[in-house]
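Below is one structure, written out as structure tokens; the observations come after it.
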Amino acid sequence: MDGSGETRPLSLPVVRDKIVQQAVRDVTEPKFNPIFLDCSYAYRKGKGPQKVFKRLNHYLHIEKRRWVALGDFDRFFDTIDHDYLIRQITHVMDDPDIIRLIRMWLKTGFVNRRGDYLDIDAGVGQGSVISPLLSNIYVHSLDEYMIQKGYAYIRYSDNFIILSHSRKDVTGAFDDHRFFMSNVLRLTVNENPRPVCSLEDGFVFLGIYYKGRERTISINKLKKIKGKIRHITHRNREPAQLLEKLVRSLDGTRRYYGMLNPELQFIAVDEYLMQRLVSTLSCFVREGIYRNVRELIDYLLPLDFLSDTYNREKDTKLRELAGMAIKENIRVRESQEKSTPICSKIETGIKAADTAVHKRKKRYITEQALSSEVVVKTHGAFVGKKGNRLVVKNKGANIYTRQLEKVNNITIAARGITLSSDLIRECSKSDIPVVFMEANGPPYAMVYTPARTQAQIGLL
């Protein structure tokens, strides 16, 4: 699921395909990297979001470009035109084997949840080793077009921003951008109610809010950071796994936004982290994984906070956190004890009695069912009647006998079994069904009592 709440199919190749894709990427990427322009910052060695922030600040404050147009491509990876992409690759690569492999990866379909195989007419599967490179190759012509027109243009994957000195100029650049996307790349821009704005109005690009000299983490991105912490602390109850994911997540956030030095926002995230960890650590104590403050502190040592303030006081904060977890565990235990009044013992006794009665009833019904149904599975057996008893014989010897009044059902579950007419007549008079079935199979016939006096055998 992407940030908009929509779901996207991911391409997750098998290990063999990953190895081959990496090999093709290793051969192809060095050919294209020198061709790619400086305005392209995603999926490239030596680039990345930090370089975007620096270039953007240069345009805003050194070149005084205060008007921007920004947006992102709608379903970018899903709508890439295969034929156009292959043509762009062949301009640089003339190896037919590489072209064949790339086209094969592009055209390989997928199996949906119902098991249907679906062909793919457009798009590059996200999650594959080579898809980031292919996406940059596809949009490279757009980068060339914008730079050749002299626009201050930055693209990071499917996110872009154009900067200029006036609303009129940046609006014209935005129109040129959309024209090329629509008519050449066959891409569209996601709906944005305010695609053109000024630095004084404020705007968000790659999760950062720009307004005047202000540079902070955007509100939506801050919510996502906290949401990730909530997800990790809620879903991962294995201590080592939880700590590993938490450290990795916080480290990524720190590296991405650290250059902004958003100390107050980092402090707010650290406070939220402390709140979430109190409950989680309390569970660990309750489960007996950790027993005291010292063990909890030792467990938390690999964890670094986001803010410099919390990290300077790390020992104190960890001790405070461990102490709160111990107190929370005591509070939960006392709350549970208080919520169990004396009368609950009586209720527990009543429930135990009801459970015992239910078990006895179930056992009786089971025994009755077993005792009242006669199943004959012995090939060559004879089933007849002697007096008021049902008799089963094999090779002349009695192997089973029971009073007919205690028999509710007779099942013949093998071939070659003989039934006496006296037994069939008695079963008809006493409404005892006789069912014929294959071993472990469905019934195929039964003796039933019709409206008239004589019994008949009916086929099912």
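Order determines the names: the first chain of the structure tokens is A, the second B, and so forth; residues in each chain are numbered 1 upward, and ligands are numbered 1 upward as they are shown.
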
Which residues are close to Ser182 (chain A), i.e. within 12 Å by only C-alpha atoms, leaving aside same-chain residues fewer than 2 positions away? Reply as a JSON list (two decimals) with N, CA, C and O atoms, in the first residue's frame.
[["chain", "number", "residue", "atom", "x", "y", "z"],
["A", 73, "PHE", "N", 4.17, 11.76, -10.23],
["A", 73, "PHE", "CA", 3.54, 11.03, -11.33],
["A", 73, "PHE", "C", 2.49, 10.07, -10.78],
["A", 73, "PHE", "O", 2.71, 9.40, -9.76],
["A", 74, "ASP", "N", 1.38, 9.99, -11.47],
["A", 74, "ASP", "CA", 0.31, 9.09, -11.07],
["A", 74, "ASP", "C", 0.63, 7.66, -11.52],
["A", 74, "ASP", "O", 0.82, 7.41, -12.70],
["A", 79, "THR", "N", 2.56, 2.36, -15.15],
["A", 79, "THR", "CA", 2.11, 2.84, -16.46],
["A", 79, "THR", "C", 3.25, 3.09, -17.45],
["A", 79, "THR", "O", 3.03, 3.67, -18.52],
["A", 80, "ILE", "N", 4.46, 2.66, -17.12],
["A", 80, "ILE", "CA", 5.59, 2.83, -18.04],
["A", 80, "ILE", "C", 5.33, 2.07, -19.34],
["A", 80, "ILE", "O", 5.00, 0.87, -19.32],
["A", 81, "ASP", "N", 5.50, 2.75, -20.47],
["A", 81, "ASP", "CA", 5.28, 2.16, -21.78],
["A", 81, "ASP", "C", 6.48, 1.28, -22.16],
["A", 81, "ASP", "O", 7.61, 1.76, -22.28],
["A", 142, "LEU", "N", 12.56, 13.18, -20.34],
["A", 142, "LEU", "CA", 11.87, 14.32, -19.73],
["A", 142, "LEU", "C", 12.88, 15.24, -19.04],
["A", 142, "LEU", "O", 12.78, 16.48, -19.14],
["A", 175, "ASP", "N", 3.35, 23.73, -17.44],
["A", 175, "ASP", "CA", 2.57, 23.32, -18.60],
["A", 175, "ASP", "C", 3.43, 22.54, -19.61],
["A", 175, "ASP", "O", 2.99, 21.54, -20.17],
["A", 176, "ASP", "N", 4.66, 23.00, -19.82],
["A", 176, "ASP", "CA", 5.58, 22.27, -20.72],
["A", 176, "ASP", "C", 5.86, 20.86, -20.18],
["A", 176, "ASP", "O", 5.91, 19.88, -20.93],
["A", 177, "HIS", "N", 6.04, 20.77, -18.88],
["A", 177, "HIS", "CA", 6.32, 19.49, -18.23],
["A", 177, "HIS", "C", 5.17, 18.53, -18.45],
["A", 177, "HIS", "O", 5.36, 17.36, -18.83],
["A", 178, "ARG", "N", 3.95, 18.99, -18.21],
["A", 178, "ARG", "CA", 2.78, 18.12, -18.38],
["A", 178, "ARG", "C", 2.58, 17.72, -19.84],
["A", 178, "ARG", "O", 2.16, 16.59, -20.12],
["A", 179, "PHE", "N", 2.87, 18.65, -20.76],
["A", 179, "PHE", "CA", 2.74, 18.34, -22.18],
["A", 179, "PHE", "C", 3.66, 17.18, -22.58],
["A", 179, "PHE", "O", 3.23, 16.24, -23.25],
["A", 180, "PHE", "N", 4.91, 17.24, -22.17],
["A", 180, "PHE", "CA", 5.86, 16.19, -22.52],
["A", 180, "PHE", "C", 5.47, 14.86, -21.86],
["A", 180, "PHE", "O", 5.52, 13.80, -22.48],
["A", 184, "VAL", "N", 4.51, 12.31, -24.77],
["A", 184, "VAL", "CA", 5.67, 11.48, -25.07],
["A", 184, "VAL", "C", 5.75, 10.27, -24.14],
["A", 184, "VAL", "O", 5.87, 9.12, -24.59],
["A", 185, "LEU", "N", 5.68, 10.51, -22.84],
["A", 185, "LEU", "CA", 5.82, 9.42, -21.87],
["A", 185, "LEU", "C", 4.50, 8.74, -21.52],
["A", 185, "LEU", "O", 4.49, 7.68, -20.91],
["A", 186, "ARG", "N", 3.39, 9.39, -21.89],
["A", 186, "ARG", "CA", 2.07, 8.86, -21.57],
["A", 186, "ARG", "C", 1.89, 8.68, -20.06],
["A", 186, "ARG", "O", 1.32, 7.69, -19.59],
["A", 187, "LEU", "N", 2.35, 9.65, -19.32],
["A", 187, "LEU", "CA", 2.19, 9.68, -17.88],
["A", 187, "LEU", "C", 1.30, 10.86, -17.50],
["A", 187, "LEU", "O", 1.14, 11.81, -18.27],
["A", 188, "THR", "N", 0.73, 10.81, -16.31],
["A", 188, "THR", "CA", -0.07, 11.92, -15.79],
["A", 188, "THR", "C", 0.43, 12.30, -14.40],
["A", 188, "THR", "O", 1.12, 11.52, -13.74],
["A", 189, "VAL", "N", 0.06, 13.50, -13.98],
["A", 189, "VAL", "CA", 0.44, 13.99, -12.67],
["A", 189, "VAL", "C", -0.74, 13.80, -11.73],
["A", 189, "VAL", "O", -1.89, 14.04, -12.10]]

>> For the strand (DSSP E) assignment from backbone DSSP, which residues of region 159-212 of chain A qualify? Please present them as a VMD selection string.
In response: chain A and resid 159 to 164 196 to 198 203 to 205 208 to 211

> Phe160 (chain A): which residues within 8 Å, counting only C-alpha atoms, same-chain residues fewer than 5 positions away excluded, as a PyMOL selection string?
Replying inline: chain A and resi 70-72+153-155

>> Could you pull out the helix (DSSP H, G or I) residues of region 10-161 of chain A, going by DSSP on the backbone, and write them as a ChimeraX atom specification?
In response: /A:15-32,49-62,82-90,96-107,131-148

Hey, can you spit out that residue selection with C-alpha atoms as a compact mmCIF listing (two decimals), in the first residue's frame?
# COMPACT_ATOMS: atom_id res chain seq x y z
CA VAL A 15 16.69 -15.85 -6.33
CA ARG A 16 17.84 -16.92 -9.81
CA ASP A 17 16.11 -13.95 -11.45
CA LYS A 18 17.54 -11.59 -8.82
CA ILE A 19 21.06 -12.78 -9.61
CA VAL A 20 20.56 -12.36 -13.37
CA GLN A 21 18.89 -8.96 -12.93
CA GLN A 22 21.78 -7.77 -10.76
CA ALA A 23 24.25 -8.95 -13.41
CA VAL A 24 22.35 -7.08 -16.13
CA ARG A 25 22.18 -3.98 -13.92
CA ASP A 26 25.94 -4.17 -13.28
CA VAL A 27 26.54 -4.13 -17.03
CA THR A 28 23.87 -1.58 -17.96
CA GLU A 29 24.12 1.03 -15.19
CA PRO A 30 27.70 2.17 -15.96
CA LYS A 31 26.55 2.91 -19.53
CA PHE A 32 23.65 5.13 -18.43
CA PRO A 49 17.66 13.16 -0.79
CA GLN A 50 20.38 15.13 1.07
CA LYS A 51 21.74 16.37 -2.27
CA VAL A 52 18.19 17.33 -3.26
CA PHE A 53 17.83 19.51 -0.17
CA LYS A 54 21.10 21.30 -0.91
CA ARG A 55 20.21 21.93 -4.57
CA LEU A 56 16.75 23.12 -3.59
CA ASN A 57 18.12 25.54 -1.01
CA HIS A 58 20.57 26.85 -3.62
CA TYR A 59 17.74 27.63 -6.03
CA LEU A 60 15.61 29.21 -3.28
CA HIS A 61 18.15 31.40 -1.52
CA ILE A 62 21.15 31.85 -3.81
CA HIS A 82 7.31 -0.96 -22.61
CA ASP A 83 8.03 -0.13 -26.26
CA TYR A 84 9.21 3.40 -25.47
CA LEU A 85 11.43 2.10 -22.65
CA ILE A 86 13.03 -0.53 -24.92
CA ARG A 87 13.74 2.15 -27.55
CA GLN A 88 15.51 4.31 -24.96
CA ILE A 89 17.63 1.35 -23.89
CA THR A 90 18.60 0.45 -27.46
CA PRO A 96 20.54 -8.30 -28.09
CA ASP A 97 20.77 -10.69 -25.10
CA ILE A 98 20.37 -7.85 -22.61
CA ILE A 99 17.48 -6.38 -24.58
CA ARG A 100 15.83 -9.82 -24.71
CA LEU A 101 16.17 -10.34 -20.93
CA ILE A 102 14.81 -6.90 -20.06
CA ARG A 103 11.84 -7.29 -22.39
CA MET A 104 11.13 -10.72 -20.95
CA TRP A 105 11.08 -9.27 -17.39
CA LEU A 106 8.78 -6.47 -18.54
CA LYS A 107 6.30 -8.80 -20.25
CA SER A 131 13.23 -1.57 -11.80
CA PRO A 132 14.85 1.60 -10.28
CA LEU A 133 17.34 1.79 -13.16
CA LEU A 134 14.62 1.20 -15.75
CA SER A 135 12.47 3.95 -14.25
CA ASN A 136 15.34 6.45 -14.52
CA ILE A 137 16.00 5.42 -18.13
CA TYR A 138 12.34 5.92 -18.98
CA VAL A 139 12.13 9.48 -17.59
CA HIS A 140 15.58 10.58 -18.76
CA SER A 141 14.13 12.15 -21.92
CA LEU A 142 11.87 14.32 -19.73
CA ASP A 143 14.91 15.45 -17.71
CA GLU A 144 16.66 16.39 -20.96
CA TYR A 145 13.63 18.28 -22.22
CA MET A 146 13.30 20.38 -19.04
CA ILE A 147 17.02 21.18 -18.77
CA GLN A 148 17.33 22.06 -22.47

>> Which residues are near Thr411 (chain A)? Cut-off 7 Å, only C-alpha atoms, ignore same chain within fewer than 3 positions. Put them as a list in words.
In response: Val374, Val375, Val376, Val434, Val435 and Phe436 of chain A

>> Need the shell around region 209-219 of chain A: protein/DNA/RNA residues with any atom at most 12 Å away, counting only C-alpha atoms. Skip same-chain ones fewer than 2 positions apart. Format as a PyMOL selection string?
In response: chain A and resi 53-54+56-57+60-61+64-68+197-207+221-226+253-254+256-266+268-269

> From the list A:Ala69, A:Leu296, A:Ala439, A:Met446, which residue is nearest Leu321 (chain A) when using only C-alpha atoms?
Replying inline: A:Leu296

Spatial neighbours of Asp422 (chain A), 9 Å, only C-alpha atoms, chain gap at least 4 places, as a PDB file with N, CA, C and O atoms, in the first residue's frame:
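The resulting file, selection.pdb, is reproduced below:
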ATOM      1  N   GLY A 384     -28.155 -60.975  11.024  1.00  0.00           N
ATOM      2  CA  GLY A 384     -29.505 -61.509  11.134  1.00  0.00           C
ATOM      3  C   GLY A 384     -30.130 -61.198  12.470  1.00  0.00           C
ATOM      4  O   GLY A 384     -29.650 -60.340  13.225  1.00  0.00           O
ATOM      5  N   LYS A 385     -31.210 -61.952  12.806  1.00  0.00           N
ATOM      6  CA  LYS A 385     -31.968 -61.717  14.024  1.00  0.00           C
ATOM      7  C   LYS A 385     -32.203 -63.048  14.714  1.00  0.00           C
ATOM      8  O   LYS A 385     -32.536 -64.057  14.085  1.00  0.00           O
ATOM      9  N   GLU A 426     -37.933 -56.752  10.691  1.00  0.00           N
ATOM     10  CA  GLU A 426     -37.942 -56.173  12.047  1.00  0.00           C
ATOM     11  C   GLU A 426     -37.493 -54.708  12.012  1.00  0.00           C
ATOM     12  O   GLU A 426     -38.051 -53.858  12.706  1.00  0.00           O
ATOM     13  N   CYS A 427     -36.449 -54.417  11.195  1.00  0.00           N
ATOM     14  CA  CYS A 427     -35.976 -53.019  11.079  1.00  0.00           C
ATOM     15  C   CYS A 427     -37.068 -52.138  10.495  1.00  0.00           C
ATOM     16  O   CYS A 427     -37.235 -50.982  10.905  1.00  0.00           O
TER      17      CYS A 427
END

>> Between A:Gln275, A:Asn159, A:Ser421, A:Gln403, which residue has the minimum interatomic distance to Ile229 (chain A), considering only C-alpha atoms?
In response: A:Gln275

>> Can you pull out the residues contacting Thr309 (chain A)? Cut-off 10 Å, using only C-alpha atoms, and skip same-chain residues under 3 positions away; I want them as an NGL selection string.
In response: :A and (263-264 or 266-267 or 270 or 305-306 or 312-314)
